[in-house]
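Text of my_file39.txt, listed as compact mmCIF, C-alpha atoms:
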```
# COMPACT_ATOMS: atom_id res chain seq x y z
CA GLN X 267 -67.19 -80.41 5.36
CA GLN X 268 -65.63 -83.26 3.44
CA GLN X 269 -63.86 -81.73 0.48
CA VAL X 270 -62.87 -84.98 -1.22
CA LYS X 271 -65.42 -87.79 -1.39
CA GLN X 272 -64.15 -91.26 -2.31
CA SER X 273 -66.08 -94.35 -3.33
CA PRO X 274 -66.47 -97.22 -2.88
CA GLN X 275 -65.30 -97.85 0.68
CA SER X 276 -64.37 -101.41 -0.24
CA LEU X 277 -63.96 -103.26 -3.51
CA ILE X 278 -63.40 -106.88 -4.45
CA VAL X 279 -62.07 -107.62 -7.95
CA GLN X 280 -61.04 -110.87 -9.57
CA LYS X 281 -57.43 -111.27 -10.66
CA GLY X 282 -56.98 -109.85 -14.13
CA GLY X 283 -59.97 -107.55 -13.84
CA ILE X 284 -60.17 -103.76 -13.78
CA SER X 285 -60.38 -101.98 -10.44
CA ILE X 286 -62.03 -98.56 -10.50
CA ILE X 287 -62.05 -96.08 -7.61
CA ASN X 288 -63.77 -92.73 -7.86
CA CYS X 289 -63.30 -89.38 -6.16
CA ALA X 290 -65.15 -86.09 -6.29
CA TYR X 291 -63.95 -82.76 -4.97
CA GLU X 292 -65.64 -79.52 -4.04
CA ASN X 293 -62.88 -76.92 -3.90
CA THR X 294 -62.35 -75.56 -7.43
CA ALA X 295 -58.95 -74.18 -6.34
CA PHE X 296 -57.55 -77.71 -6.14
CA ASP X 297 -55.12 -78.29 -8.98
CA TYR X 298 -53.08 -81.33 -8.00
CA PHE X 299 -54.65 -84.76 -7.58
CA PRO X 300 -52.47 -87.64 -6.36
CA TRP X 301 -53.36 -91.21 -5.50
CA TYR X 302 -51.67 -93.00 -2.64
CA GLN X 303 -51.39 -96.73 -1.95
CA GLN X 304 -51.09 -98.02 1.60
CA PHE X 305 -50.26 -101.53 2.76
CA PRO X 306 -51.04 -102.62 6.34
CA GLY X 307 -48.56 -101.24 8.85
CA LYS X 308 -46.96 -98.93 6.31
CA GLY X 309 -47.23 -95.28 5.41
CA PRO X 310 -49.02 -94.17 2.24
CA ALA X 311 -46.88 -94.19 -0.90
CA LEU X 312 -47.43 -91.98 -3.93
CA LEU X 313 -48.79 -94.04 -6.82
CA ILE X 314 -49.65 -91.55 -9.56
CA ALA X 315 -50.74 -87.92 -9.78
CA ILE X 316 -52.44 -85.62 -12.31
CA ARG X 317 -52.83 -81.90 -12.93
CA PRO X 318 -56.13 -80.59 -14.36
CA ASP X 319 -54.58 -79.54 -17.67
CA VAL X 320 -54.79 -83.16 -18.87
CA SER X 321 -57.73 -85.56 -18.85
CA GLU X 322 -55.79 -88.77 -18.43
CA LYS X 323 -52.43 -89.99 -17.19
CA LYS X 324 -51.16 -93.53 -17.45
CA GLU X 325 -48.27 -95.19 -15.66
CA GLY X 326 -48.00 -98.91 -16.29
CA ARG X 327 -51.23 -100.58 -15.20
CA PHE X 328 -52.43 -97.46 -13.35
CA THR X 329 -54.44 -94.72 -15.04
CA ILE X 330 -55.99 -91.54 -13.66
CA SER X 331 -58.97 -90.12 -15.52
CA PHE X 332 -59.87 -86.52 -14.75
CA ASN X 333 -63.09 -84.61 -15.47
CA LYS X 334 -62.64 -80.96 -14.55
CA SER X 335 -66.20 -79.87 -15.33
CA ALA X 336 -67.67 -82.61 -13.14
CA LYS X 337 -64.97 -82.14 -10.47
CA GLN X 338 -64.30 -85.85 -10.49
CA PHE X 339 -61.27 -88.08 -10.96
CA SER X 340 -60.79 -91.81 -10.86
CA LEU X 341 -58.10 -94.46 -10.59
CA HIS X 342 -58.19 -97.46 -12.92
CA ILE X 343 -56.01 -100.48 -12.21
CA MET X 344 -55.79 -102.70 -15.26
CA ASP X 345 -55.04 -106.42 -15.02
CA SER X 346 -55.43 -106.26 -11.24
CA GLN X 347 -53.10 -108.56 -9.30
CA PRO X 348 -53.24 -109.94 -5.74
CA GLY X 349 -50.24 -107.73 -4.93
CA ASP X 350 -52.44 -104.69 -5.64
CA SER X 351 -54.55 -105.54 -2.58
CA ALA X 352 -54.18 -102.45 -0.39
CA THR X 353 -55.98 -99.32 0.73
CA TYR X 354 -56.06 -96.54 -1.86
CA PHE X 355 -56.50 -92.87 -1.06
CA CYS X 356 -57.24 -90.06 -3.43
CA ALA X 357 -56.10 -86.60 -2.41
CA ALA X 358 -56.09 -83.02 -3.61
CA SER X 359 -54.15 -79.86 -3.00
CA GLU X 360 -53.77 -76.34 -4.35
CA ILE X 361 -50.34 -76.05 -5.97
CA SER X 362 -50.93 -72.55 -7.31
CA GLY X 363 -51.23 -71.41 -3.73
CA GLY X 364 -47.91 -73.01 -2.89
CA GLY X 365 -49.28 -76.43 -1.97
CA ALA X 366 -47.57 -76.16 1.36
CA ASP X 367 -50.75 -76.62 3.33
CA GLY X 368 -50.72 -80.32 2.68
CA LEU X 369 -53.14 -82.69 1.11
CA THR X 370 -56.87 -83.18 1.60
CA PHE X 371 -57.52 -86.91 1.54
CA GLY X 372 -60.53 -89.02 0.72
CA LYS X 373 -61.52 -91.65 3.29
CA GLY X 374 -59.94 -94.51 1.41
CA THR X 375 -60.91 -97.65 -0.51
CA HIS X 376 -59.97 -101.09 0.73
CA LEU X 377 -59.22 -103.10 -2.41
CA ILE X 378 -59.04 -106.90 -2.42
CA ILE X 379 -57.93 -108.78 -5.52
CA GLN X 380 -59.08 -112.36 -5.41
CA PRO X 381 -56.79 -114.95 -7.04
CA ASN D 153 -30.86 -92.19 2.33
CA ALA D 154 -33.40 -93.13 5.01
CA GLY D 155 -36.29 -90.95 3.77
CA VAL D 156 -38.71 -89.97 6.55
CA THR D 157 -38.00 -91.55 9.93
CA GLN D 158 -40.58 -91.55 12.72
CA THR D 159 -40.00 -92.58 16.30
CA PRO D 160 -41.32 -94.28 18.30
CA LYS D 161 -43.29 -96.83 16.27
CA PHE D 162 -45.63 -97.62 19.16
CA GLN D 163 -46.53 -95.72 22.31
CA VAL D 164 -49.05 -96.08 25.12
CA LEU D 165 -49.82 -92.99 27.19
CA LYS D 166 -52.02 -92.33 30.16
CA THR D 167 -54.57 -89.54 29.95
CA GLY D 168 -52.92 -86.25 30.81
CA GLN D 169 -49.37 -87.31 29.98
CA SER D 170 -47.31 -85.41 27.45
CA MET D 171 -44.97 -86.70 24.79
CA THR D 172 -43.21 -85.79 21.57
CA LEU D 173 -43.44 -87.75 18.35
CA GLN D 174 -40.22 -87.40 16.40
CA CYS D 175 -39.94 -86.95 12.65
CA ALA D 176 -36.73 -86.53 10.68
CA GLN D 177 -36.04 -86.45 6.94
CA ASP D 178 -32.72 -86.55 5.13
CA MET D 179 -33.91 -85.39 1.70
CA ASN D 180 -33.53 -81.65 2.36
CA HIS D 181 -37.27 -81.16 1.83
CA GLU D 182 -38.72 -77.79 2.77
CA TYR D 183 -42.32 -78.93 3.17
CA MET D 184 -43.23 -81.15 6.10
CA SER D 185 -46.56 -82.08 7.62
CA TRP D 186 -48.24 -84.24 10.23
CA TYR D 187 -51.37 -86.32 9.66
CA ARG D 188 -53.47 -88.56 11.84
CA GLN D 189 -55.20 -91.62 10.44
CA ASP D 190 -58.33 -93.00 12.05
CA PRO D 191 -60.46 -95.90 10.77
CA GLY D 192 -62.87 -94.75 8.09
CA MET D 193 -61.60 -91.17 8.27
CA GLY D 194 -58.69 -91.16 5.86
CA LEU D 195 -55.76 -88.95 6.78
CA ARG D 196 -56.35 -85.55 8.35
CA LEU D 197 -53.80 -82.77 8.44
CA ILE D 198 -52.71 -81.64 11.91
CA HIS D 199 -49.92 -79.11 11.29
CA TYR D 200 -47.59 -78.27 8.45
CA SER D 201 -44.40 -76.33 7.78
CA VAL D 202 -42.95 -74.69 4.68
CA GLY D 203 -39.46 -74.34 6.11
CA ALA D 204 -37.43 -73.87 9.25
CA GLY D 205 -39.13 -71.46 11.61
CA ILE D 206 -42.46 -71.50 9.77
CA THR D 207 -45.44 -73.60 10.86
CA ASP D 208 -49.21 -73.40 10.51
CA GLN D 209 -52.33 -75.26 11.54
CA GLY D 210 -54.14 -77.85 9.49
CA GLU D 211 -57.62 -79.34 9.80
CA VAL D 212 -57.32 -80.84 13.31
CA PRO D 213 -54.66 -78.89 15.29
CA ASN D 214 -56.25 -78.82 18.75
CA GLY D 215 -54.17 -80.56 21.41
CA TYR D 216 -51.01 -80.60 19.31
CA ASN D 217 -48.00 -78.28 19.01
CA VAL D 218 -45.18 -78.25 16.49
CA SER D 219 -41.92 -76.43 15.89
CA ARG D 220 -39.41 -76.45 13.04
CA SER D 221 -35.98 -75.37 14.19
CA THR D 222 -34.14 -77.21 11.40
CA THR D 223 -34.99 -78.34 7.88
CA GLU D 224 -34.56 -81.98 8.91
CA ASP D 225 -36.75 -82.23 12.02
CA PHE D 226 -40.43 -81.60 12.65
CA PRO D 227 -41.53 -82.92 16.07
CA LEU D 228 -45.18 -83.15 17.12
CA ARG D 229 -45.98 -82.52 20.78
CA LEU D 230 -49.02 -83.73 22.68
CA LEU D 231 -49.31 -81.46 25.70
CA SER D 232 -51.95 -83.38 27.67
CA ALA D 233 -52.94 -86.62 25.99
CA ALA D 234 -56.62 -87.54 25.68
CA PRO D 235 -58.24 -90.82 24.57
CA SER D 236 -59.51 -89.00 21.47
CA GLN D 237 -55.87 -88.69 20.35
CA THR D 238 -55.56 -92.45 20.01
CA SER D 239 -54.58 -92.78 16.37
CA VAL D 240 -51.83 -93.57 13.92
CA TYR D 241 -49.70 -90.52 13.20
CA PHE D 242 -47.83 -89.99 9.96
CA CYS D 243 -45.17 -87.45 9.14
CA ALA D 244 -44.58 -86.52 5.50
CA SER D 245 -42.20 -84.34 3.54
CA SER D 246 -42.01 -82.90 0.05
CA GLU D 247 -39.49 -80.92 -1.95
CA GLY D 248 -42.15 -78.64 -3.37
CA ALA D 249 -45.75 -78.04 -4.30
CA ASN D 250 -45.51 -79.90 -7.60
CA TYR D 251 -44.07 -83.03 -6.01
CA GLY D 252 -45.63 -85.82 -4.05
CA TYR D 253 -45.20 -86.28 -0.35
CA THR D 254 -43.01 -89.02 1.13
CA PHE D 255 -44.53 -90.53 4.24
CA GLY D 256 -42.90 -92.11 7.25
CA SER D 257 -43.97 -95.52 8.53
CA GLY D 258 -46.10 -94.04 11.29
CA THR D 259 -46.44 -93.98 15.07
CA ARG D 260 -49.31 -95.92 16.60
CA LEU D 261 -50.40 -94.07 19.74
CA THR D 262 -52.84 -95.37 22.32
CA VAL D 263 -54.08 -93.11 25.12
CA VAL D 264 -55.71 -94.93 28.02
```
Take the structure in the file and write it out as structure tokens.
Amino acid sequence: QQQVKQSPQSLIVQKGGISIINCAYENTAFDYFPWYQQFPGKGPALLIAIRPDVSEKKEGRFTISFNKSAKQFSLHIMDSQPGDSATYFCAASEISGGGADGLTFGKGTHLIIQP
Amino acid sequence: NAGVTQTPKFQVLKTGQSMTLQCAQDMNHEYMSWYRQDPGMGLRLIHYSVGAGITDQGEVPNGYNVSRSTTEDFPLRLLSAAPSQTSVYFCASSEGANYGYTFGSGTRLTVV
């Protein structure tokens, strides 16, 4: 059972455009939703995260939108740049339960920003 | 401050061989975990630990063992390698539930 579904699998965006990646979760106990960015040959790196008590969080060009009733959250990359080309993973965990049992990841989105 | 260090970076094993993937962190993080990454599958949790002496199974624990004798180290053991264990393995650590995980650079394992 896939608890976090991510789409699209791949995405091509022109430089300066908006990249949007979506995730949906099933476990209503999840209460921490991070996004990770991974470059080839490297480990994932935390990009931005949100708790369900807010509907949006913005850090620079990166914004998470969160819809608790729909059990969905998305990553928006504004003014996308070639350096943003990477694989992006959404994830979820249950902090109220300690969060020690790790993260449940989506399958990833391969993002290409064309110059 | 090296963060999370994984060794080796690459390894080729023959079916049936055993080996240990090393993971060390110098951030005094209590939470540590192991993931495997396969094409199109994202990252899947193998085992995790909430502190020295405490470990538990994740989503795909079969064929792997872990131990946590110190806060810094969290080795992953493959007892009898199988081709299905060909993957990239990542170790990660976190200072707490409300904080993100820091990942190592990974170990690419091939079992032939």
Quiz prompt | Spatial sel., origin (-56.5, -84.9, -19.4), limit 8 Å, only C-alpha atoms, listed as a PyMOL selection string | solution = chain X and resi 318-323+331-333
Restricting to only C-alpha atoms, whichever of D:Gln169, D:Thr157, D:Gln163, D:Asn214 is closest to chain X is D:Thr157
Give me the residues within 9 Å of range 377-379 of chain X as number ranges by chain, counting only C-alpha atoms and dropping any in the same chain fewer than 2 places off. X: 275-283, 285, 346-354, 375, 381
Save out the residues we just selected, C-alpha atoms, as a PDB file, keeping the file's coordinate frame.
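Ended up saving to selection_22.pdb:
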```
ATOM      1  CA  GLN X 275     -65.300 -97.850   0.680  1.00  0.00           C
ATOM      2  CA  SER X 276     -64.370-101.410  -0.240  1.00  0.00           C
ATOM      3  CA  LEU X 277     -63.960-103.260  -3.510  1.00  0.00           C
ATOM      4  CA  ILE X 278     -63.400-106.880  -4.450  1.00  0.00           C
ATOM      5  CA  VAL X 279     -62.070-107.620  -7.950  1.00  0.00           C
ATOM      6  CA  GLN X 280     -61.040-110.870  -9.570  1.00  0.00           C
ATOM      7  CA  LYS X 281     -57.430-111.270 -10.660  1.00  0.00           C
ATOM      8  CA  GLY X 282     -56.980-109.850 -14.130  1.00  0.00           C
ATOM      9  CA  GLY X 283     -59.970-107.550 -13.840  1.00  0.00           C
ATOM     10  CA  SER X 285     -60.380-101.980 -10.440  1.00  0.00           C
ATOM     11  CA  SER X 346     -55.430-106.260 -11.240  1.00  0.00           C
ATOM     12  CA  GLN X 347     -53.100-108.560  -9.300  1.00  0.00           C
ATOM     13  CA  PRO X 348     -53.240-109.940  -5.740  1.00  0.00           C
ATOM     14  CA  GLY X 349     -50.240-107.730  -4.930  1.00  0.00           C
ATOM     15  CA  ASP X 350     -52.440-104.690  -5.640  1.00  0.00           C
ATOM     16  CA  SER X 351     -54.550-105.540  -2.580  1.00  0.00           C
ATOM     17  CA  ALA X 352     -54.180-102.450  -0.390  1.00  0.00           C
ATOM     18  CA  THR X 353     -55.980 -99.320   0.730  1.00  0.00           C
ATOM     19  CA  TYR X 354     -56.060 -96.540  -1.860  1.00  0.00           C
ATOM     20  CA  THR X 375     -60.910 -97.650  -0.510  1.00  0.00           C
ATOM     21  CA  PRO X 381     -56.790-114.950  -7.040  1.00  0.00           C
TER      22      PRO X 381
END
```
| said: Around (-36.3, -83.8, 6.1), as given in the file, which residues come within 12 Å? Count only C-alpha atoms and list them as JSON, numbers by chain. | reply: {"D": [153, 154, 155, 156, 157, 158, 174, 175, 176, 177, 178, 179, 180, 181, 182, 183, 184, 185, 201, 202, 203, 204, 220, 221, 222, 223, 224, 225, 226, 227, 243, 244, 245, 246, 247, 253, 254, 255, 256]}
Keeping only C-alpha atoms, write those residues as a PDB file, in the frame of the given file.
```pdb
ATOM      1  CA  ASN D 153     -30.860 -92.190   2.330  1.00  0.00           C
ATOM      2  CA  ALA D 154     -33.400 -93.130   5.010  1.00  0.00           C
ATOM      3  CA  GLY D 155     -36.290 -90.950   3.770  1.00  0.00           C
ATOM      4  CA  VAL D 156     -38.710 -89.970   6.550  1.00  0.00           C
ATOM      5  CA  THR D 157     -38.000 -91.550   9.930  1.00  0.00           C
ATOM      6  CA  GLN D 158     -40.580 -91.550  12.720  1.00  0.00           C
ATOM      7  CA  GLN D 174     -40.220 -87.400  16.400  1.00  0.00           C
ATOM      8  CA  CYS D 175     -39.940 -86.950  12.650  1.00  0.00           C
ATOM      9  CA  ALA D 176     -36.730 -86.530  10.680  1.00  0.00           C
ATOM     10  CA  GLN D 177     -36.040 -86.450   6.940  1.00  0.00           C
ATOM     11  CA  ASP D 178     -32.720 -86.550   5.130  1.00  0.00           C
ATOM     12  CA  MET D 179     -33.910 -85.390   1.700  1.00  0.00           C
ATOM     13  CA  ASN D 180     -33.530 -81.650   2.360  1.00  0.00           C
ATOM     14  CA  HIS D 181     -37.270 -81.160   1.830  1.00  0.00           C
ATOM     15  CA  GLU D 182     -38.720 -77.790   2.770  1.00  0.00           C
ATOM     16  CA  TYR D 183     -42.320 -78.930   3.170  1.00  0.00           C
ATOM     17  CA  MET D 184     -43.230 -81.150   6.100  1.00  0.00           C
ATOM     18  CA  SER D 185     -46.560 -82.080   7.620  1.00  0.00           C
ATOM     19  CA  SER D 201     -44.400 -76.330   7.780  1.00  0.00           C
ATOM     20  CA  VAL D 202     -42.950 -74.690   4.680  1.00  0.00           C
ATOM     21  CA  GLY D 203     -39.460 -74.340   6.110  1.00  0.00           C
ATOM     22  CA  ALA D 204     -37.430 -73.870   9.250  1.00  0.00           C
ATOM     23  CA  ARG D 220     -39.410 -76.450  13.040  1.00  0.00           C
ATOM     24  CA  SER D 221     -35.980 -75.370  14.190  1.00  0.00           C
ATOM     25  CA  THR D 222     -34.140 -77.210  11.400  1.00  0.00           C
ATOM     26  CA  THR D 223     -34.990 -78.340   7.880  1.00  0.00           C
ATOM     27  CA  GLU D 224     -34.560 -81.980   8.910  1.00  0.00           C
ATOM     28  CA  ASP D 225     -36.750 -82.230  12.020  1.00  0.00           C
ATOM     29  CA  PHE D 226     -40.430 -81.600  12.650  1.00  0.00           C
ATOM     30  CA  PRO D 227     -41.530 -82.920  16.070  1.00  0.00           C
ATOM     31  CA  CYS D 243     -45.170 -87.450   9.140  1.00  0.00           C
ATOM     32  CA  ALA D 244     -44.580 -86.520   5.500  1.00  0.00           C
ATOM     33  CA  SER D 245     -42.200 -84.340   3.540  1.00  0.00           C
ATOM     34  CA  SER D 246     -42.010 -82.900   0.050  1.00  0.00           C
ATOM     35  CA  GLU D 247     -39.490 -80.920  -1.950  1.00  0.00           C
ATOM     36  CA  TYR D 253     -45.200 -86.280  -0.350  1.00  0.00           C
ATOM     37  CA  THR D 254     -43.010 -89.020   1.130  1.00  0.00           C
ATOM     38  CA  PHE D 255     -44.530 -90.530   4.240  1.00  0.00           C
ATOM     39  CA  GLY D 256     -42.900 -92.110   7.250  1.00  0.00           C
TER      40      GLY D 256
END
```
- Message: Set the distance at 10 Å and use all atoms listed in the file: which residues neighbour Phe355 in chain X once local chain neighbours fewer than 2 positions away are removed? I'd like the list as an MDAnalysis selection string.
- Response: (chainID X and resid 272:273 287:289 300:304 310:313 341 352:353 357 371:376) or (chainID D and resid 194:195)
What separates CA of Ser359 in chain X and CA of Asn293 in chain X is a distance of 9.3 Å
Just checking: using all atoms listed in the file, which residue out of X:Ala295, X:Ile330, X:Ile343, X:Val270 ends up closest to chain D?
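Answer, going by the shortest atom-to-atom distance: X:Val270.
Closest to Pro274 in chain X among X:Phe305, X:Cys356, X:Leu369, X:Ala336 is X:Cys356, based on all atoms listed in the file.
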*Quick one: everything within 7 Å of range 166-168 of chain D, counting all atoms listed in the file, minus sequence neighbours fewer than 2 positions away in the same chain. Send it as JSON, numbers by chain.*
{"D": [164, 170, 232, 233, 234, 235, 263, 264]}
(message) Please report the interatomic distance between CA of Val212 in chain D and CA of Ile198 in chain D in Å with one decimal.
(response)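 That distance, rounded to one decimal, is 4.9 Å.
Here CA of Lys324 in chain X stands at a distance of 27.0 Å from CA of Ser257 in chain D.
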